[in-house]
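Heads up: the structure comes next, in structure tokens.
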Amino acid sequence: MSILITGIGELTTNDDELGSLADAAVVLDGERVAWVGPAAAAPDADSRVDVGGRAVLPGWVDSHTHLLFAGDRTAEFSARMAGKPYQAGGIAVTVEATRAASDAELLKNLLLHVGEANRQGTTTIETKTGYGLTVADEVRAARIAASVVDDVTFLGAHLVPPGSDAESYVDLVRGDMLSAVAPFVRWADVFCETGAFDETQSRAVLKSAQEAGLGLRVHGNQLGPGPGVRLAVELGAASVDHCTHLTPSDVDSLANSATVATLLPACDLSTRQPLPDARALLDAGATVALASNCNPGSSYTSSMAFCVATAVLQMRMSVDEAVRAATWGGARALRRETGDGAVGVIRVGARADLHVLDAPSTTHLAYRPGVPLTHSVYRRGARL
């Protein structure tokens, strides 16, 4: 069943040849984009939708979330807003609640948050394990997540569980836990940070995951300067996420590598950290992604539009740069931006994921911050 979407006032394609089109149309055929071009030249289709001059862009690609959890951390948030510093150890509170939850409770919570994101224009979602920290609980998280989201990342190296020895736990993560989780995940990640895992431990986990055939991601340089970026580039990780505290050497390394710098501005606002220097990364030629980092402790938002507005208003990114980072950039961080079924882009053969704004241009995402501007969303060719 093909659908002609016409009356597009501004079409953001993220395709180098197509660019941004005015008075455009798109044909969706099943789960793929079948045609893109001027509305006057649009072919016939089985059905037709006129969006009345609204802007259309690819669906948001949220390449960093932690949606498989139970429990609540409002007390921690309130304490932080009252002046208590953010520390990685708060993860243990969510671990306890997640372990105690049933499969049905975890699935219900995951579906709630995915649905919330979908309604705001997010059509591709990555999420991580990391709130189980036992073999059985990590496998359970990976299995449930894999039934719902596009990409699952193994984050057994999120925190050393209370009462555990760090070296013994690292051996478990890169041994039995990795072997058990691997069939359900595409990626492995490590929280390379003071209070979590040091460089030696992080490298050991990542190299074992790489040997097991998983792609790599890294939580790095969030709470202060550290080895996360250097380690990610050294091992060829697809993405290093946070990048809040970067040295000039870190920026140069990212600019001269295929590793994406994934920025998580909602997290930095919530933890009262400085915002990343997006301008330095972009000016150096690094690939930048924006993601929500939706999680119950440090960034409890699924709004990619909020991240885009923040990036424009406070991080000196242009609207076009921020929108691209939240779509194509996220797709690149997941290595899903090319080939058949590509996401984060609107071109023939791409996955039929469209975000229709209730506005004439993407500029309104930052021009009218906080205003719900999602008119409609198509994911895999179906209107949500």
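Residues in the structure tokens are named by chain (A, B, ... in the order shown) and by number from 1 within that chain; ligands are numbered from 1 in the order shown.
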Can you pull out every residue within 10 Å of Leu107 (chain A), counting only C-alpha atoms, but drop anything in the same chain fewer than 5 positions away, and send it as a PyMOL selection string?
chain A and resi 67-70+101-102+112+141+144-145+147-148
Store the residues picked out above, limited to all heavy atoms, as a PDB file, in the first residue's frame.
```
ATOM      1  N   LEU A  67      16.272   2.632  28.972  1.00  0.00           N
ATOM      2  CA  LEU A  67      14.823   2.554  29.181  1.00  0.00           C
ATOM      3  C   LEU A  67      14.369   1.283  29.882  1.00  0.00           C
ATOM      4  O   LEU A  67      13.180   1.151  30.183  1.00  0.00           O
ATOM      5  CB  LEU A  67      14.094   2.661  27.824  1.00  0.00           C
ATOM      6  CG  LEU A  67      14.327   3.946  27.031  1.00  0.00           C
ATOM      7  CD1 LEU A  67      13.510   3.912  25.741  1.00  0.00           C
ATOM      8  CD2 LEU A  67      13.973   5.175  27.854  1.00  0.00           C
ATOM      9  N   LEU A  68      15.263   0.349  30.128  1.00  0.00           N
ATOM     10  CA  LEU A  68      14.870  -0.911  30.770  1.00  0.00           C
ATOM     11  C   LEU A  68      15.164  -0.789  32.261  1.00  0.00           C
ATOM     12  O   LEU A  68      16.261  -1.112  32.735  1.00  0.00           O
ATOM     13  CB  LEU A  68      15.644  -2.065  30.133  1.00  0.00           C
ATOM     14  CG  LEU A  68      15.008  -3.463  30.149  1.00  0.00           C
ATOM     15  CD1 LEU A  68      14.850  -4.036  31.544  1.00  0.00           C
ATOM     16  CD2 LEU A  68      13.646  -3.447  29.447  1.00  0.00           C
ATOM     17  N   PHE A  69      14.187  -0.268  33.000  1.00  0.00           N
ATOM     18  CA  PHE A  69      14.408  -0.022  34.424  1.00  0.00           C
ATOM     19  C   PHE A  69      13.076  -0.047  35.169  1.00  0.00           C
ATOM     20  O   PHE A  69      11.999  -0.002  34.589  1.00  0.00           O
ATOM     21  CB  PHE A  69      15.096   1.330  34.645  1.00  0.00           C
ATOM     22  CG  PHE A  69      14.220   2.527  34.347  1.00  0.00           C
ATOM     23  CD1 PHE A  69      13.417   3.092  35.324  1.00  0.00           C
ATOM     24  CD2 PHE A  69      14.197   3.084  33.068  1.00  0.00           C
ATOM     25  CE1 PHE A  69      12.602   4.185  35.048  1.00  0.00           C
ATOM     26  CE2 PHE A  69      13.393   4.178  32.784  1.00  0.00           C
ATOM     27  CZ  PHE A  69      12.591   4.729  33.771  1.00  0.00           C
ATOM     28  N   ALA A  70      13.192  -0.084  36.483  1.00  0.00           N
ATOM     29  CA  ALA A  70      12.040   0.090  37.371  1.00  0.00           C
ATOM     30  C   ALA A  70      12.454   1.068  38.467  1.00  0.00           C
ATOM     31  O   ALA A  70      13.627   1.364  38.657  1.00  0.00           O
ATOM     32  CB  ALA A  70      11.606  -1.245  37.973  1.00  0.00           C
ATOM     33  N   ALA A 101      11.708  -6.094  40.053  1.00  0.00           N
ATOM     34  CA  ALA A 101      10.536  -5.998  39.170  1.00  0.00           C
ATOM     35  C   ALA A 101      10.346  -7.292  38.379  1.00  0.00           C
ATOM     36  O   ALA A 101      11.300  -8.007  38.070  1.00  0.00           O
ATOM     37  CB  ALA A 101      10.695  -4.822  38.219  1.00  0.00           C
ATOM     38  N   SER A 102       9.113  -7.563  38.020  1.00  0.00           N
ATOM     39  CA  SER A 102       8.807  -8.723  37.180  1.00  0.00           C
ATOM     40  C   SER A 102       9.088  -8.405  35.718  1.00  0.00           C
ATOM     41  O   SER A 102       9.219  -7.238  35.332  1.00  0.00           O
ATOM     42  CB  SER A 102       7.342  -9.122  37.342  1.00  0.00           C
ATOM     43  OG  SER A 102       6.499  -8.118  36.786  1.00  0.00           O
ATOM     44  N   LEU A 112       5.904   1.953  27.702  1.00  0.00           N
ATOM     45  CA  LEU A 112       5.405   3.288  28.039  1.00  0.00           C
ATOM     46  C   LEU A 112       6.376   4.357  27.532  1.00  0.00           C
ATOM     47  O   LEU A 112       5.969   5.335  26.904  1.00  0.00           O
ATOM     48  CB  LEU A 112       5.231   3.398  29.552  1.00  0.00           C
ATOM     49  CG  LEU A 112       4.635   4.686  30.120  1.00  0.00           C
ATOM     50  CD1 LEU A 112       3.918   4.378  31.440  1.00  0.00           C
ATOM     51  CD2 LEU A 112       5.712   5.742  30.385  1.00  0.00           C
ATOM     52  N   ALA A 141      17.158  -8.373  30.901  1.00  0.00           N
ATOM     53  CA  ALA A 141      17.020  -7.019  30.355  1.00  0.00           C
ATOM     54  C   ALA A 141      17.251  -7.013  28.846  1.00  0.00           C
ATOM     55  O   ALA A 141      16.509  -6.378  28.086  1.00  0.00           O
ATOM     56  CB  ALA A 141      18.003  -6.079  31.046  1.00  0.00           C
ATOM     57  N   ILE A 144      14.236  -8.659  26.935  1.00  0.00           N
ATOM     58  CA  ILE A 144      13.039  -7.819  26.911  1.00  0.00           C
ATOM     59  C   ILE A 144      13.259  -6.625  25.987  1.00  0.00           C
ATOM     60  O   ILE A 144      12.404  -6.293  25.160  1.00  0.00           O
ATOM     61  CB  ILE A 144      12.669  -7.360  28.335  1.00  0.00           C
ATOM     62  CG1 ILE A 144      12.228  -8.563  29.184  1.00  0.00           C
ATOM     63  CG2 ILE A 144      11.550  -6.316  28.295  1.00  0.00           C
ATOM     64  CD1 ILE A 144      12.056  -8.244  30.668  1.00  0.00           C
ATOM     65  N   ALA A 145      14.402  -5.994  26.101  1.00  0.00           N
ATOM     66  CA  ALA A 145      14.683  -4.827  25.262  1.00  0.00           C
ATOM     67  C   ALA A 145      14.696  -5.197  23.785  1.00  0.00           C
ATOM     68  O   ALA A 145      14.173  -4.463  22.935  1.00  0.00           O
ATOM     69  CB  ALA A 145      16.015  -4.198  25.657  1.00  0.00           C
ATOM     70  N   SER A 147      13.018  -7.237  22.239  1.00  0.00           N
ATOM     71  CA  SER A 147      11.676  -7.479  21.706  1.00  0.00           C
ATOM     72  C   SER A 147      10.958  -6.181  21.345  1.00  0.00           C
ATOM     73  O   SER A 147       9.884  -6.227  20.737  1.00  0.00           O
ATOM     74  CB  SER A 147      10.832  -8.253  22.727  1.00  0.00           C
ATOM     75  OG  SER A 147      10.480  -7.444  23.841  1.00  0.00           O
ATOM     76  N   VAL A 148      11.557  -5.039  21.684  1.00  0.00           N
ATOM     77  CA  VAL A 148      10.866  -3.755  21.515  1.00  0.00           C
ATOM     78  C   VAL A 148      11.668  -2.746  20.700  1.00  0.00           C
ATOM     79  O   VAL A 148      11.132  -2.131  19.780  1.00  0.00           O
ATOM     80  CB  VAL A 148      10.510  -3.143  22.892  1.00  0.00           C
ATOM     81  CG1 VAL A 148       9.874  -1.761  22.730  1.00  0.00           C
ATOM     82  CG2 VAL A 148       9.589  -4.078  23.668  1.00  0.00           C
TER      83      VAL A 148
END
```
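By chain and then residue number, the residues within 12 Å of Val135 (chain A) are Arg99, Thr129, Gly130, Tyr131, Val139, Arg140, Ala141, Ala142, Phe154, Leu155, Gly156, Ala157, Tyr169, Leu172, Val173, Arg174, Gly175, Asp176, Met177, Leu178, Ser179, Ala180, Val181 and Ala182 of chain A, counting only C-alpha atoms and disregarding those fewer than 4 positions away in sequence.
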Could you save those same residues with N, CA and C atoms as an mmCIF file, in the first residue's frame?
```cif
data_model
loop_
_atom_site.group_PDB
_atom_site.id
_atom_site.type_symbol
_atom_site.label_atom_id
_atom_site.label_comp_id
_atom_site.auth_asym_id
_atom_site.auth_seq_id
_atom_site.Cartn_x
_atom_site.Cartn_y
_atom_site.Cartn_z
ATOM 1 N N ARG A 99 15.959 -5.201 39.624
ATOM 2 C CA ARG A 99 16.060 -6.629 39.977
ATOM 3 C C ARG A 99 14.771 -7.144 40.612
ATOM 4 N N THR A 129 21.268 -2.390 28.601
ATOM 5 C CA THR A 129 21.113 -3.104 29.862
ATOM 6 C C THR A 129 21.899 -2.295 30.890
ATOM 7 N N GLY A 130 22.182 -2.873 32.032
ATOM 8 C CA GLY A 130 23.032 -2.168 32.982
ATOM 9 C C GLY A 130 22.389 -1.872 34.314
ATOM 10 N N TYR A 131 21.108 -2.249 34.452
ATOM 11 C CA TYR A 131 20.453 -2.093 35.748
ATOM 12 C C TYR A 131 20.142 -3.461 36.371
ATOM 13 N N VAL A 139 20.759 -10.708 31.191
ATOM 14 C CA VAL A 139 20.141 -11.456 30.089
ATOM 15 C C VAL A 139 18.655 -11.120 29.993
ATOM 16 N N ARG A 140 17.990 -11.049 31.116
ATOM 17 C CA ARG A 140 16.564 -10.710 31.121
ATOM 18 C C ARG A 140 16.347 -9.331 30.508
ATOM 19 N N ALA A 141 17.158 -8.373 30.901
ATOM 20 C CA ALA A 141 17.020 -7.019 30.355
ATOM 21 C C ALA A 141 17.251 -7.013 28.846
ATOM 22 N N ALA A 142 18.293 -7.687 28.394
ATOM 23 C CA ALA A 142 18.605 -7.718 26.961
ATOM 24 C C ALA A 142 17.485 -8.380 26.170
ATOM 25 N N PHE A 154 24.794 -3.933 25.503
ATOM 26 C CA PHE A 154 25.153 -4.586 26.758
ATOM 27 C C PHE A 154 26.001 -3.640 27.594
ATOM 28 N N LEU A 155 25.487 -3.258 28.758
ATOM 29 C CA LEU A 155 26.191 -2.357 29.663
ATOM 30 C C LEU A 155 26.321 -3.000 31.044
ATOM 31 N N GLY A 156 26.816 -4.231 31.050
ATOM 32 C CA GLY A 156 27.091 -4.860 32.338
ATOM 33 C C GLY A 156 28.110 -4.068 33.125
ATOM 34 N N ALA A 157 29.003 -3.374 32.413
ATOM 35 C CA ALA A 157 30.018 -2.526 33.058
ATOM 36 C C ALA A 157 29.472 -1.122 33.266
ATOM 37 N N TYR A 169 34.357 -8.620 39.372
ATOM 38 C CA TYR A 169 33.161 -8.268 38.608
ATOM 39 C C TYR A 169 33.501 -8.030 37.138
ATOM 40 N N LEU A 172 33.665 -11.244 35.451
ATOM 41 C CA LEU A 172 32.331 -11.785 35.201
ATOM 42 C C LEU A 172 31.709 -11.117 33.972
ATOM 43 N N VAL A 173 31.834 -9.800 33.893
ATOM 44 C CA VAL A 173 31.243 -9.057 32.770
ATOM 45 C C VAL A 173 31.813 -9.526 31.445
ATOM 46 N N ARG A 174 33.126 -9.680 31.373
ATOM 47 C CA ARG A 174 33.754 -10.028 30.099
ATOM 48 C C ARG A 174 33.802 -11.533 29.856
ATOM 49 N N GLY A 175 33.268 -12.297 30.802
ATOM 50 C CA GLY A 175 33.238 -13.747 30.670
ATOM 51 C C GLY A 175 31.827 -14.281 30.548
ATOM 52 N N ASP A 176 31.305 -14.830 31.629
ATOM 53 C CA ASP A 176 29.998 -15.496 31.600
ATOM 54 C C ASP A 176 28.870 -14.544 31.223
ATOM 55 N N MET A 177 28.925 -13.314 31.728
ATOM 56 C CA MET A 177 27.839 -12.376 31.446
ATOM 57 C C MET A 177 27.809 -12.016 29.961
ATOM 58 N N LEU A 178 28.955 -11.703 29.397
ATOM 59 C CA LEU A 178 29.037 -11.378 27.977
ATOM 60 C C LEU A 178 28.553 -12.539 27.114
ATOM 61 N N SER A 179 28.969 -13.727 27.424
ATOM 62 C CA SER A 179 28.564 -14.898 26.639
ATOM 63 C C SER A 179 27.055 -15.103 26.676
ATOM 64 N N ALA A 180 26.457 -14.876 27.836
ATOM 65 C CA ALA A 180 25.019 -15.098 27.977
ATOM 66 C C ALA A 180 24.193 -14.017 27.292
ATOM 67 N N VAL A 181 24.690 -12.792 27.312
ATOM 68 C CA VAL A 181 23.928 -11.657 26.776
ATOM 69 C C VAL A 181 24.102 -11.495 25.270
ATOM 70 N N ALA A 182 25.240 -11.895 24.740
ATOM 71 C CA ALA A 182 25.606 -11.623 23.348
ATOM 72 C C ALA A 182 24.527 -11.951 22.319
#
```
Residues within 10 Å of Glu321 (chain A), please, as a PDB file with C-alpha atoms, in the first residue's frame. Count only C-alpha atoms; anything in the same chain fewer than 5 positions from it doesn't count.
```
ATOM      1  CA  ALA A 278      29.676  21.212  20.301  1.00  0.00           C
ATOM      2  CA  LEU A 282      31.888  20.619  14.607  1.00  0.00           C
ATOM      3  CA  VAL A 288      28.245  14.847  16.276  1.00  0.00           C
ATOM      4  CA  ALA A 289      25.053  13.136  17.414  1.00  0.00           C
ATOM      5  CA  VAL A 308      17.726  20.031  19.758  1.00  0.00           C
ATOM      6  CA  ALA A 311      21.849  22.502  21.412  1.00  0.00           C
ATOM      7  CA  VAL A 312      20.786  25.530  19.368  1.00  0.00           C
ATOM      8  CA  ARG A 316      25.941  27.344  19.563  1.00  0.00           C
ATOM      9  CA  ALA A 326      19.516  14.214  16.173  1.00  0.00           C
ATOM     10  CA  GLY A 329      24.134  11.763  13.495  1.00  0.00           C
TER      11      GLY A 329
END
```
Give the strand (DSSP E) residues of region 54-261 of chain A, as DSSP finds them on the backbone, and put them as a ChimeraX atom specification.
/A:55-58,60-62,122-128,151-157,187-192,215-220,239-242,260-261
With N, CA and C atoms retained, export the selected residues as a compact mmCIF listing (two decimals), in the first residue's frame.
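Okay, this is what ended up in result_35.txt:
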```txt
# COMPACT_ATOMS: atom_id res chain seq x y z
N ALA A 55 6.54 21.27 7.73
CA ALA A 55 7.89 20.76 7.55
C ALA A 55 7.91 19.26 7.84
N VAL A 56 8.74 18.53 7.10
CA VAL A 56 8.92 17.09 7.30
C VAL A 56 10.41 16.81 7.39
N LEU A 57 10.79 15.97 8.33
CA LEU A 57 12.18 15.57 8.51
C LEU A 57 12.22 14.09 8.84
N PRO A 58 13.38 13.47 8.81
CA PRO A 58 13.45 12.07 9.24
C PRO A 58 13.04 11.96 10.71
N TRP A 60 13.38 11.21 14.56
CA TRP A 60 14.54 11.31 15.45
C TRP A 60 15.17 9.92 15.63
N VAL A 61 16.48 9.89 15.73
CA VAL A 61 17.22 8.66 16.02
C VAL A 61 17.88 8.85 17.38
N ASP A 62 17.30 8.25 18.41
CA ASP A 62 17.81 8.41 19.77
C ASP A 62 18.78 7.27 20.04
N THR A 122 10.31 10.31 17.63
CA THR A 122 11.44 9.39 17.66
C THR A 122 11.02 8.07 17.04
N THR A 123 11.74 7.64 16.01
CA THR A 123 11.37 6.41 15.30
C THR A 123 12.43 5.33 15.38
N THR A 124 13.62 5.66 15.85
CA THR A 124 14.69 4.66 16.06
C THR A 124 15.25 4.86 17.46
N ILE A 125 15.31 3.77 18.23
CA ILE A 125 15.74 3.86 19.62
C ILE A 125 16.76 2.78 19.94
N GLU A 126 17.85 3.21 20.55
CA GLU A 126 18.82 2.31 21.18
C GLU A 126 18.55 2.33 22.67
N THR A 127 18.69 1.17 23.33
CA THR A 127 18.65 1.19 24.79
C THR A 127 19.64 0.17 25.33
N LYS A 128 19.98 0.34 26.60
CA LYS A 128 21.05 -0.45 27.20
C LYS A 128 20.54 -1.32 28.36
N ASP A 151 17.95 -1.20 18.62
CA ASP A 151 19.31 -1.61 18.98
C ASP A 151 19.40 -1.79 20.48
N VAL A 152 20.06 -2.87 20.90
CA VAL A 152 20.29 -3.12 22.33
C VAL A 152 21.79 -3.15 22.58
N THR A 153 22.20 -2.50 23.65
CA THR A 153 23.61 -2.43 24.04
C THR A 153 23.79 -3.09 25.40
N PHE A 154 24.79 -3.93 25.50
CA PHE A 154 25.15 -4.59 26.76
C PHE A 154 26.00 -3.64 27.59
N LEU A 155 25.49 -3.26 28.76
CA LEU A 155 26.19 -2.36 29.66
C LEU A 155 26.32 -3.00 31.04
N GLY A 156 26.82 -4.23 31.05
CA GLY A 156 27.09 -4.86 32.34
C GLY A 156 28.11 -4.07 33.12
N ALA A 157 29.00 -3.37 32.41
CA ALA A 157 30.02 -2.53 33.06
C ALA A 157 29.47 -1.12 33.27
N TRP A 187 25.62 -4.30 20.54
CA TRP A 187 26.69 -3.44 21.02
C TRP A 187 27.08 -3.77 22.45
N ALA A 188 28.28 -3.33 22.83
CA ALA A 188 28.71 -3.36 24.23
C ALA A 188 29.23 -1.98 24.60
N ASP A 189 29.04 -1.61 25.85
CA ASP A 189 29.38 -0.28 26.34
C ASP A 189 30.05 -0.42 27.70
N VAL A 190 30.73 0.62 28.14
CA VAL A 190 31.33 0.64 29.47
C VAL A 190 31.29 2.08 29.98
N PHE A 191 31.03 2.22 31.27
CA PHE A 191 31.02 3.54 31.91
C PHE A 191 32.44 3.80 32.40
N CYS A 192 33.24 4.42 31.53
CA CYS A 192 34.65 4.70 31.82
C CYS A 192 34.73 6.04 32.54
N GLY A 215 29.77 -4.60 18.37
CA GLY A 215 30.25 -3.25 18.16
C GLY A 215 30.44 -2.57 19.50
N LEU A 216 31.22 -1.49 19.51
CA LEU A 216 31.58 -0.85 20.77
C LEU A 216 31.01 0.56 20.89
N ARG A 217 30.65 0.91 22.11
CA ARG A 217 30.24 2.26 22.49
C ARG A 217 30.90 2.54 23.85
N VAL A 218 31.07 3.80 24.18
CA VAL A 218 31.74 4.15 25.44
C VAL A 218 31.02 5.33 26.08
N HIS A 219 30.74 5.21 27.39
CA HIS A 219 30.39 6.38 28.20
C HIS A 219 31.72 7.03 28.60
N GLY A 220 31.97 8.25 28.15
CA GLY A 220 33.27 8.83 28.47
C GLY A 220 33.25 10.32 28.67
N SER A 239 30.80 5.04 18.82
CA SER A 239 30.40 6.28 19.47
C SER A 239 31.01 6.38 20.86
N VAL A 240 31.35 7.60 21.24
CA VAL A 240 31.69 7.89 22.63
C VAL A 240 30.69 8.94 23.10
N ASP A 241 30.03 8.67 24.21
CA ASP A 241 28.86 9.43 24.61
C ASP A 241 29.09 10.22 25.89
N HIS A 242 28.56 11.40 25.93
CA HIS A 242 28.69 12.46 26.93
C HIS A 242 29.63 13.53 26.40
N VAL A 260 31.80 8.65 16.55
CA VAL A 260 30.86 9.76 16.68
C VAL A 260 30.89 10.30 18.11
N ALA A 261 30.88 11.61 18.24
CA ALA A 261 30.75 12.25 19.55
C ALA A 261 29.27 12.45 19.82
```
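Considering only C-alpha atoms, the residue among A:Ala209, A:Ser299, A:Val251, A:Pro183 positioned nearest to Ala284 (chain A) is A:Val251.
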